Structures are given as C-alpha cells and as structure tokens.
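File shown here: protein-v4.txt, holding compact mmCIF, C-alpha atoms.
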# COMPACT_ATOMS: atom_id res chain seq x y z
CA ILE A 41 0.00 0.00 0.00
CA VAL A 42 1.39 3.41 -1.03
CA GLU A 43 -0.06 6.64 0.37
CA GLY A 44 1.04 10.26 0.62
CA THR A 45 2.38 13.01 -1.60
CA ALA A 46 5.48 13.09 -3.80
CA SER A 47 6.84 16.62 -4.12
CA THR A 48 9.90 18.82 -3.59
CA SER A 49 8.68 19.76 -0.13
CA PRO A 50 10.70 18.25 2.74
CA THR A 51 7.51 17.82 4.74
CA ASP A 52 5.67 15.75 2.12
CA SER A 53 6.24 12.01 2.05
CA LEU A 54 5.25 8.76 0.44
CA ASP A 55 4.30 6.04 2.92
CA VAL A 56 4.73 2.42 1.88
CA LYS A 57 3.25 -0.39 3.98
CA LEU A 58 4.28 -4.02 3.59
CA THR A 59 2.10 -6.86 4.84
CA ASN A 60 3.18 -10.50 4.67
CA ILE A 61 5.49 -10.02 1.69
CA ASN A 62 7.33 -13.19 0.60
CA LEU A 63 10.92 -11.93 0.41
CA ASP A 64 12.25 -15.26 -0.84
CA TYR A 65 9.85 -15.03 -3.78
CA LEU A 66 11.23 -11.60 -4.65
CA LEU A 67 14.82 -12.88 -4.34
CA SER A 68 14.00 -15.65 -6.82
CA TYR A 69 13.97 -12.98 -9.54
CA THR A 70 17.51 -11.84 -8.68
CA GLU A 71 21.02 -13.32 -8.68
CA ALA A 72 20.93 -13.19 -4.86
CA ASN A 73 18.87 -16.38 -4.73
CA LYS A 74 22.01 -18.34 -5.67
CA ALA A 75 23.72 -17.28 -2.46
CA ILE A 76 21.02 -16.79 0.13
CA SER A 77 17.42 -17.71 0.90
CA ILE A 78 15.39 -15.77 3.49
CA MET A 79 12.17 -17.36 4.72
CA GLY A 80 9.26 -15.77 6.55
CA PRO A 81 6.66 -13.09 5.76
CA VAL A 82 7.91 -9.49 5.83
CA THR A 83 5.79 -6.81 7.48
CA GLY A 84 6.94 -3.21 7.71
CA GLN A 85 6.73 0.36 6.55
CA ALA A 86 8.84 2.94 4.77
CA LYS A 87 8.71 6.73 4.38
CA VAL A 88 10.33 8.64 1.53
CA TYR A 89 10.61 12.41 2.02
CA ASN A 90 11.47 15.14 -0.47
CA VAL A 91 11.13 12.73 -3.38
CA PHE A 92 12.08 15.06 -6.26
CA SER A 93 14.97 17.05 -4.76
CA ALA A 94 16.97 15.46 -1.92
CA PRO A 95 15.21 12.19 -1.06
CA MET A 96 15.31 10.79 2.46
CA LEU A 97 14.37 7.23 3.35
CA GLU A 98 13.35 5.70 6.67
CA ALA A 99 12.19 2.09 6.76
CA GLU A 100 11.71 -0.77 9.20
CA ALA A 101 10.71 -4.40 8.72
CA PHE A 102 9.91 -7.44 10.84
CA ILE A 103 10.01 -11.14 9.95
CA PRO A 104 8.53 -13.39 12.67
CA ASN A 105 10.03 -16.88 12.88
CA GLY A 106 12.41 -16.00 10.09
CA GLY A 107 15.05 -18.26 8.63
CA LEU A 108 18.19 -18.34 6.52
CA ASN A 109 18.67 -20.90 3.75
CA GLY A 110 15.68 -22.90 4.95
CA VAL A 111 16.81 -23.05 8.59
CA TYR A 112 14.87 -21.36 11.42
CA MET A 113 16.83 -18.53 13.05
CA GLY A 114 14.34 -16.42 15.03
CA ASP A 115 12.52 -13.11 14.81
CA ILE A 116 14.28 -10.78 12.36
CA THR A 117 14.03 -7.01 12.72
CA ALA A 118 15.69 -4.49 10.41
CA LYS A 119 15.86 -0.75 9.82
CA ALA A 120 17.12 1.12 6.78
CA ASN A 121 17.90 4.70 5.86
CA LEU A 122 19.34 6.58 2.92
CA ASP A 123 22.88 7.92 3.21
CA ARG A 124 23.07 10.91 0.85
CA GLU A 125 26.85 11.25 0.94
CA SER A 126 27.54 7.71 -0.29
CA LYS A 127 24.25 7.50 -2.22
CA SER A 128 23.53 4.17 -0.57
CA ILE A 129 20.88 2.54 1.57
CA LEU A 130 22.19 1.43 4.98
CA ILE A 131 20.65 -1.57 6.73
CA PHE A 132 20.80 -2.50 10.43
CA GLY A 133 19.16 -5.61 11.85
CA GLU A 134 19.24 -8.39 14.40
CA ILE A 135 17.91 -11.91 14.87
CA ILE A 136 16.48 -13.02 18.24
CA ASP A 137 15.73 -16.72 18.77
CA SER A 138 12.91 -18.32 20.79
CA THR A 139 14.99 -18.14 24.01
CA ASN A 140 15.41 -14.35 23.58
CA HIS A 141 19.08 -14.81 22.66
CA LYS A 142 20.51 -12.59 19.93
CA VAL A 143 21.96 -15.09 17.46
CA ALA A 144 23.04 -12.53 14.86
CA ASP A 145 23.67 -8.87 14.18
CA VAL A 146 23.20 -7.85 10.56
CA THR A 147 24.49 -4.73 8.82
CA GLY A 148 24.25 -4.05 5.14
CA LYS A 149 24.43 -1.59 2.31
CA VAL A 150 22.82 -1.22 -1.11
CA ILE A 151 24.38 1.05 -3.76
CA PRO A 152 21.80 1.24 -6.55
CA ALA A 153 24.02 3.16 -9.00
CA GLN A 154 26.65 0.40 -8.86
CA LYS A 155 24.11 -2.45 -8.73
CA TRP A 156 25.93 -3.60 -5.59
CA TRP A 157 24.57 -4.91 -2.29
CA GLY A 158 26.12 -6.53 0.76
CA LEU A 159 25.20 -8.06 4.11
CA ASP A 160 27.58 -8.56 7.04
CA ILE A 161 26.24 -11.21 9.45
CA ALA A 162 27.88 -11.59 12.89
CA CYS A 163 26.75 -14.97 14.24
CA ASP A 164 26.51 -16.09 17.86
CA SER A 165 25.33 -19.70 18.15
CA VAL A 166 23.37 -20.07 14.92
CA ASP A 167 22.32 -23.43 13.52
CA ILE A 168 25.08 -24.27 11.00
CA HIS A 169 22.69 -26.35 8.92
CA PHE A 170 22.20 -23.17 6.86
CA ILE A 171 25.53 -23.90 5.07
CA ASP A 172 23.87 -26.97 3.52
CA PHE A 173 22.47 -24.49 0.97
CA TRP A 174 26.04 -24.07 -0.31
CA THR A 175 27.53 -27.56 0.25
CA LYS A 176 24.56 -29.79 -0.65
CA GLY A 177 25.64 -33.05 -2.29
CA ILE A 178 29.27 -32.70 -1.18
CA ILE A 179 29.01 -32.27 2.58
CA ALA A 180 25.63 -33.46 3.82
CA ASN A 181 23.52 -32.71 6.89
CA PRO A 182 25.84 -30.28 8.73
CA GLN A 183 24.79 -29.91 12.37
CA GLY A 184 26.04 -27.87 15.32
CA ARG A 185 26.30 -24.24 16.35
CA GLY A 186 28.14 -21.52 14.45
CA TYR A 187 30.03 -18.42 15.59
CA GLY A 188 31.85 -15.77 13.54
CA ARG A 189 31.25 -13.42 10.62
CA VAL A 190 29.89 -14.13 7.15
CA LYS A 191 29.56 -11.57 4.37
CA VAL A 192 27.20 -12.00 1.43
CA GLU A 193 27.71 -9.56 -1.46
CA GLY A 194 26.45 -9.20 -4.99
CA GLN A 195 27.00 -7.04 -8.04
CA ASP A 196 25.45 -7.36 -11.48
CA HIS A 197 25.15 -11.12 -12.00
CA LYS A 198 27.76 -12.22 -9.45
CA VAL A 199 27.29 -13.21 -5.82
CA TRP A 200 29.99 -14.17 -3.35
CA VAL A 201 30.13 -15.31 0.28
CA THR A 202 33.19 -14.74 2.47
CA GLY A 203 34.04 -15.12 6.13
CA ARG A 204 35.20 -17.38 8.92
CA ALA A 205 32.89 -19.45 11.08
CA LEU A 206 33.63 -21.59 14.12
CA ALA A 207 31.58 -24.79 14.02
CA LYS A 208 31.11 -25.97 17.61
CA ASP A 209 29.99 -29.49 18.59
CA ALA A 210 29.39 -30.03 14.90
CA GLN A 211 29.03 -33.00 12.60
CA ILE A 212 29.27 -33.38 8.83
CA THR A 213 28.69 -36.36 6.57
CA VAL A 214 30.55 -37.01 3.31
CA PRO A 215 27.89 -38.80 1.21
CA GLN A 216 30.36 -40.34 -1.25
CA ILE A 217 31.80 -42.51 1.55
CA GLY A 218 28.90 -42.34 4.02
CA ALA A 219 31.21 -41.41 6.89
CA THR A 220 30.18 -38.88 9.54
CA PHE A 221 32.82 -36.74 11.25
CA TYR A 222 32.49 -34.76 14.50
CA LEU A 223 34.42 -31.54 15.10
CA THR A 224 34.85 -28.17 16.76
CA ASP A 225 36.91 -26.00 14.42
CA SER A 226 36.83 -23.12 11.94
CA ILE A 227 35.59 -23.17 8.36
CA PHE A 228 36.66 -20.47 5.91
CA LEU A 229 34.66 -19.06 3.00
CA ASP A 230 36.03 -16.95 0.17
CA SER A 231 34.68 -15.82 -3.20
CA THR A 232 35.59 -19.11 -4.92
CA ALA A 233 35.56 -21.82 -2.23
CA ILE A 234 34.54 -23.16 1.17
CA ARG A 235 37.77 -24.29 2.82
CA PHE A 236 38.58 -26.77 5.61
CA PRO A 237 42.16 -26.11 6.76
CA ASP A 238 43.48 -29.21 8.59
CA ILE A 239 40.51 -29.71 10.90
CA THR A 240 40.76 -32.34 13.65
CA VAL A 241 37.77 -34.67 13.34
CA TYR A 242 36.50 -37.74 15.19
CA ASP A 243 34.29 -40.68 14.33
CA GLN A 244 31.46 -41.86 16.55
CA TYR A 245 33.90 -43.97 18.57
CA GLY A 246 36.29 -41.11 19.31
CA HIS A 247 38.99 -42.18 16.83
CA SER A 248 40.68 -39.09 15.38
CA GLY A 249 41.92 -37.85 12.04
CA ILE A 250 42.65 -34.71 10.03
CA PHE A 251 40.13 -33.44 7.48
CA SER A 252 41.21 -30.84 4.90
CA GLY A 253 40.41 -29.51 1.46
CA ALA A 254 37.89 -27.29 -0.23
CA VAL A 255 34.64 -27.12 -2.16
CA TYR A 256 35.18 -24.83 -5.16
CA HIS A 257 32.53 -22.97 -7.12
CA ASP A 258 31.99 -20.28 -9.72
CA ASN A 259 29.22 -18.05 -8.38
CA PHE A 260 27.75 -21.20 -6.76
CA LEU A 261 27.75 -23.02 -10.09
CA ASP A 262 30.25 -25.50 -11.56
CA ILE A 263 30.87 -27.17 -8.17
CA ARG A 264 34.19 -29.00 -7.74
CA PHE A 265 35.70 -30.51 -4.61
CA ASP A 266 39.05 -31.76 -3.34
CA LEU A 267 38.82 -33.28 0.14
CA ARG A 268 41.30 -35.36 2.12
CA ALA A 269 41.13 -37.28 5.39
CA GLN A 270 44.12 -38.63 7.30
CA ALA A 271 42.72 -41.31 9.57
CA ASN A 272 43.99 -43.08 12.68
CA ASN A 273 41.92 -46.28 13.03
CA MET A 274 38.91 -44.17 12.16
CA LYS A 275 35.69 -45.13 10.39
CA VAL A 276 36.31 -43.86 6.86
CA MET A 277 33.41 -45.55 5.07
CA ASP A 278 29.87 -46.50 6.06
CA LEU A 279 27.80 -47.35 2.98
CA PRO A 280 24.70 -49.59 2.95
CA LYS A 281 24.47 -52.62 0.69
CA ASP A 282 23.19 -51.63 -2.75
CA GLN A 283 23.07 -53.73 -5.89
CA GLN A 284 24.07 -50.68 -7.94
CA ALA A 285 27.12 -49.89 -5.77
CA PHE A 286 30.65 -51.06 -6.52
CA PHE A 287 31.42 -51.28 -2.79
CA TYR A 288 29.60 -51.07 0.53
CA GLY A 289 30.03 -51.73 4.24
CA GLN A 290 31.92 -50.21 7.15
CA VAL A 291 35.64 -49.61 6.87
CA PHE A 292 38.01 -48.58 9.68
CA GLY A 293 41.41 -47.47 8.48
CA THR A 294 44.69 -45.80 9.21
CA GLY A 295 46.00 -43.81 6.26
CA ASP A 296 44.79 -41.38 3.63
CA VAL A 297 41.47 -40.92 1.82
CA HIS A 298 41.24 -38.52 -1.12
CA ILE A 299 37.83 -37.52 -2.56
CA TYR A 300 37.83 -35.24 -5.58
CA GLY A 301 35.91 -34.37 -8.71
CA ASP A 302 32.62 -32.65 -9.39
CA GLU A 303 28.90 -33.29 -9.07
CA LYS A 304 28.89 -35.67 -12.05
CA ASP A 305 32.23 -37.46 -11.60
CA CYS A 306 33.48 -38.29 -8.11
CA LYS A 307 36.77 -40.12 -7.58
CA ILE A 308 37.96 -41.75 -4.35
CA ASP A 309 41.58 -42.78 -3.71
CA VAL A 310 42.36 -44.78 -0.55
CA ASN A 311 45.82 -45.53 0.83
CA ALA A 312 45.06 -47.13 4.16
CA ARG A 313 45.23 -50.37 6.13
I need this file expressed as structure tokens, please.
Amino acid sequence: IVEGTASTSPTDSLDVKLTNINLDYLLSYTEANKAISIMGPVTGQAKVYNVFSAPMLEAEAFIPNGGLNGVYMGDITAKANLDRESKSILIFGEIIDSTNHKVADVTGKVIPAQKWWGLDIACDSVDIHFIDFWTKGIIANPQGRGYGRVKVEGQDHKVWVTGRALAKDAQITVPQIGATFYLTDSIFLDSTAIRFPDITVYDQYGHSGIFSGAVYHDNFLDIRFDLRAQANNMKVMDLPKDQQAFFYGQVFGTGDVHIYGDEKDCKIDVNAR
C-alpha cells in the first residue's frame, strides 16, 4: 500500500506499507537467490521524504520466525535509511531466537548506481545447517552451532560469500563414503571456495583424524571438490548394501582418503590399512 504526496517539499512524504510479503519469492527474480534464501513473511513500513529534490528514506521491517537458507533462526528485525553522501541505503538488523538470545547482528548496504549490495552477518550460536544451501551433495547434513562473521555480497550477475565461522559441537557427513565426522573447528569461506584447513575430526567412537580440502565454485555453479582425510583407526566408510554400488560396508582405516571431482564425476583414492 502506497499513500502520501510526492513533491519537492521536505515535509511531504510517500508512505509504503508491507504486509506478509514473501521476500524469498522476490529474491527468486535476482542473482541473490544463488547465495542466500530468506524465509518468513515481511511486514513493515517505509517513508520517503522530499522525493524530487533530496530524497530521504526511513524504513523498518519485521520477519517473525524467520530463517536463513531454509533453517529457522528467530525473529528478524531491520531498519534502513538513505545515506546521501555515499548515495547508498544502509541496513541494520538483528535476529532473536525463541529463548530471547541474539543469534546474529546484521548490517548491510545497497548502492543502486553500482548495482551492488552486501550483508555482514555476525553470528553467535546459529544453527550451521544453513551452510547446507552451499555444500549440498558434497558435505551433507551439517549440524552444530556456528560463531563468527559471514559476508554476502552481490553485483550485477555475481554473488559471493566470504568469512570465517567456528563450528562448535558439529558434525558433517561425506555422502560419497557415508562417513560422519564430528568436530569443533573453523571453516573459511572466500569468493571461490569453502575451505577446511586441517581440521581435527573424530568418528562416533572417538577415533581421530585430520580433514582438509575445499569445495570450489563459480558463483555457486560448476561445483568442484578436493577433500582429504588422514585417519587413525577411524571409520572412513559406512555405505549400505546396494546392488548398484561397486562397494559397501563399514571400513576402519589408518592412512589417507582422497575424494575429488565434481557433481557428475566423483573419484575416491584410498591408501590405508
């Protein structure tokens, strides 16, 4: 709903009211949907003053029971205003979960003239399952709590995600070998890859190993991966019996496992006993 008056007068304004707007639906028409999905209905209002001379913007929005990449996060509130000097829209927000704990602070900027936008998300005990949006098919069912900073930016037809996140009391499964690893360590994201730099991991029996490598991408397309595990009597394979499979069963090993390739052609090299 749009009401008000558009003029050169600083006292006249246009008022815009939002009621249950599906933000994820709107994102589906942009390149941003490759990098981020925001769930929940948006309700809010915005005022634009002095439309035809020196515009001013004030806006606020609320998403109850909101989520990121299909994962519940909490109630999301955000405010925005127009910065005349930089000719950009500044965004400030926060996410409060059901226990009244602030799980994230969000700041952002939109520069319409450059077709650039960015969000800086400071996380404090968020559900790390939201990274499944980026690692699906390569690292499955990530669980645990996440801490750190993640930046999501876009310009023209490109979107990139960068940052460092501590995964605490976490677990990840590598579907190509069926093995699940448990860890508390940092994961790094840059514009071309999600990186795992020599992370200490454990199997369900407490046997340890080192997990390293990266999942590479080109604007979240053309996914490639190069992952290695150095195991010490650790469960390195757990695949059910399948008539279509070349191998199955549980394997405990000491040695090296190398998984590499892309979504269509996965290779596994094992040098273990």
Quick one: pull the distance between atom CA of Phe260 of chain A and atom CA of Ser231 of chain A, Å, one decimal.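 Separation of atom CA of Phe260 of chain A and atom CA of Ser231 of chain A: 9.5 Å.
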For Ile78 of chain A: contacts at 7 Å, all atoms listed in the file, fewer than 5 positions along chain excluded, given as an MDAnalysis selection string: chainID A and resid 63:64 107:109
Tell me which protein, DNA and RNA residues are within 10 Å of Arg189 of chain A, counting all atoms listed in the file, leaving out same-chain ones fewer than 6 positions away, and put them as a list in words.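 My list of contacting residues is Ala144, Asp145, Val146, Asp160, Ile161, Ala162, Cys163, Asp164, Thr202, Gly203, Arg204, Ala205 and Leu206 of chain A.
The shell of residues at most 8 Å from Lys149 of chain A, with only C-alpha atoms counted and near chain neighbours (fewer than 5 positions) removed, consists of Ser128, Ile129, Leu130, Ile131, Trp157, Gly158 and Leu159 of chain A.
Nearest residue to Leu279 of chain A, choosing from A:Met113, A:Ala219, A:Val190, A:Ala153 and counting only C-alpha atoms: A:Ala219.
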I'd like to know which of A:Asp282, A:Phe170, A:Val56, A:Ser126 is closest to Gly110 of chain A, using only C-alpha atoms.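 Distance minimum relative to Gly110 of chain A lands on A:Phe170.
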